[in-house]
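Since the structure comes first, as structure tokens, the remarks are kept for the end.
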Amino acid sequence: MITRKLSSLKRWIFRTIERYIANLRHNKNLEQMKSMFEFEEYVEKNQPMLFTRYKEASESKMIDFESAIDHIGIDLNEKSFLDLGPAYGDSLDVVNQRGANRIDFTEYDPFFFTYNRLKPYTHYGFQIDHRKQLSQLPETIYDLIWCKGGISADYFIKFHRITSLSQWLEDVERLAKPKGVIMICPGWTNDKRKRNIEDLENNLFTITMKEHGYEFLPFINRHNHEPDYPVTFYKKI
């Protein structure tokens, strides 16, 4: 049993190092790109698995985002928007269609970052880990800040990082305008059938969110789904 665990750990370490080196190489190539045509040629040649998977799911993810913002009834015309980890950038496309006048994002993955950077309507992209580096973003800028799947509820609970969660929430709120809206839909670890943390109400993550003034929104069809993203938190500054 111990031998198998060590073997699995070694494979995980090797894959992590391999991904890190590949990302460095891709990042060096992608940061020089000036056109979507160049980018699409590079994607076709390299076939990045994660990027391709999200591209195929784009339509459903646009519906996901639209369902959430329609639920709260926010008007995005002439508003500023920030997505903390947009991946393929479906939310960015939606807010552009709805008239947002400033569209920013943070994204660490080099393919997702470059794709969204090259969209003609995005104002500014920050290639950072938003969990640690939000100090690089301008204060009191955004009318709507969105984060789906960019943080894990289990991570903060398992590793006793509730203080880190509080700090992250303070960093996020610093970016919002007065009366700005923040929507956070965290991921919950699961075995594809049920969550590791079954009680969504009585756990340190939810308790901390509520202590910071976030509402526990009712289940939103086509946006929330079990067991990955069962709940969304909402706060108006």
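Here's how to read the names in the structure tokens: chain A, B, ... by the order shown, residue numbers from 1 in each chain, ligand numbers from 1 in the order shown.
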Exercise: Ser80 of chain A partners within 7 Å, only C-alpha atoms, chain neighbours under 6 positions left out, as JSON, numbers by chain: {"A": [100, 101, 102, 103, 142, 143, 144]}
Just the strand (DSSP E) stuff from segment 47-198 of chain A, please, per backbone DSSP, written as number ranges by chain. A: 80-84, 102-106, 124-126, 142-152, 176-187
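Every protein or nucleic acid residue with an atom no more than 7 Å from segment 218-235 of chain A, counting only C-alpha atoms and leaving out same-chain residues fewer than 3 positions away, appears here: Ile63, Asp64, Phe65, Ser67, Ala68, Val181, Ile182, Met183, Ile184, Cys185, Pro186, Gly187, Trp188, Thr189, Asn190, Lys192, Arg193, Lys194, Arg195, Gly213, Tyr214 and Glu215 of chain A.
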Filtered DSSP result for segment 17-171 of chain A, state alpha helix (DSSP H), as a VMD selection string: chain A and resid 17 to 30 36 to 46 49 to 56 58 to 72 90 to 97 110 to 117 153 to 158 162 to 171
Show me a table, sorted first by chain and then by increasing residue number, of the residues of segment 79-194 of chain A having an atom at most 12 Å from segment 53-59 of chain A, each with its shortest atom pair and the distance in Å to one decimal, counting only C-alpha atoms and written as a Markdown table.
| residue | atom | partner | partner_atom | distance |
| --- | --- | --- | --- | --- |
| A:Pro86 | CA | A:Tyr54 | CA | 10.4 |
| A:Ala87 | CA | A:Tyr54 | CA | 7.4 |
| A:Tyr88 | CA | A:Tyr54 | CA | 6.0 |
| A:Gly89 | CA | A:Ser58 | CA | 8.5 |
| A:Asp90 | CA | A:Ser58 | CA | 6.3 |
| A:Ser91 | CA | A:Ser58 | CA | 9.7 |
| A:Leu92 | CA | A:Ser58 | CA | 11.6 |
| A:Asp93 | CA | A:Ser58 | CA | 10.3 |
| A:Val94 | CA | A:Glu59 | CA | 10.8 |
| A:Phe111 | CA | A:Tyr54 | CA | 11.2 |
| A:Phe112 | CA | A:Tyr54 | CA | 9.5 |
| A:Tyr115 | CA | A:Lys55 | CA | 10.9 |
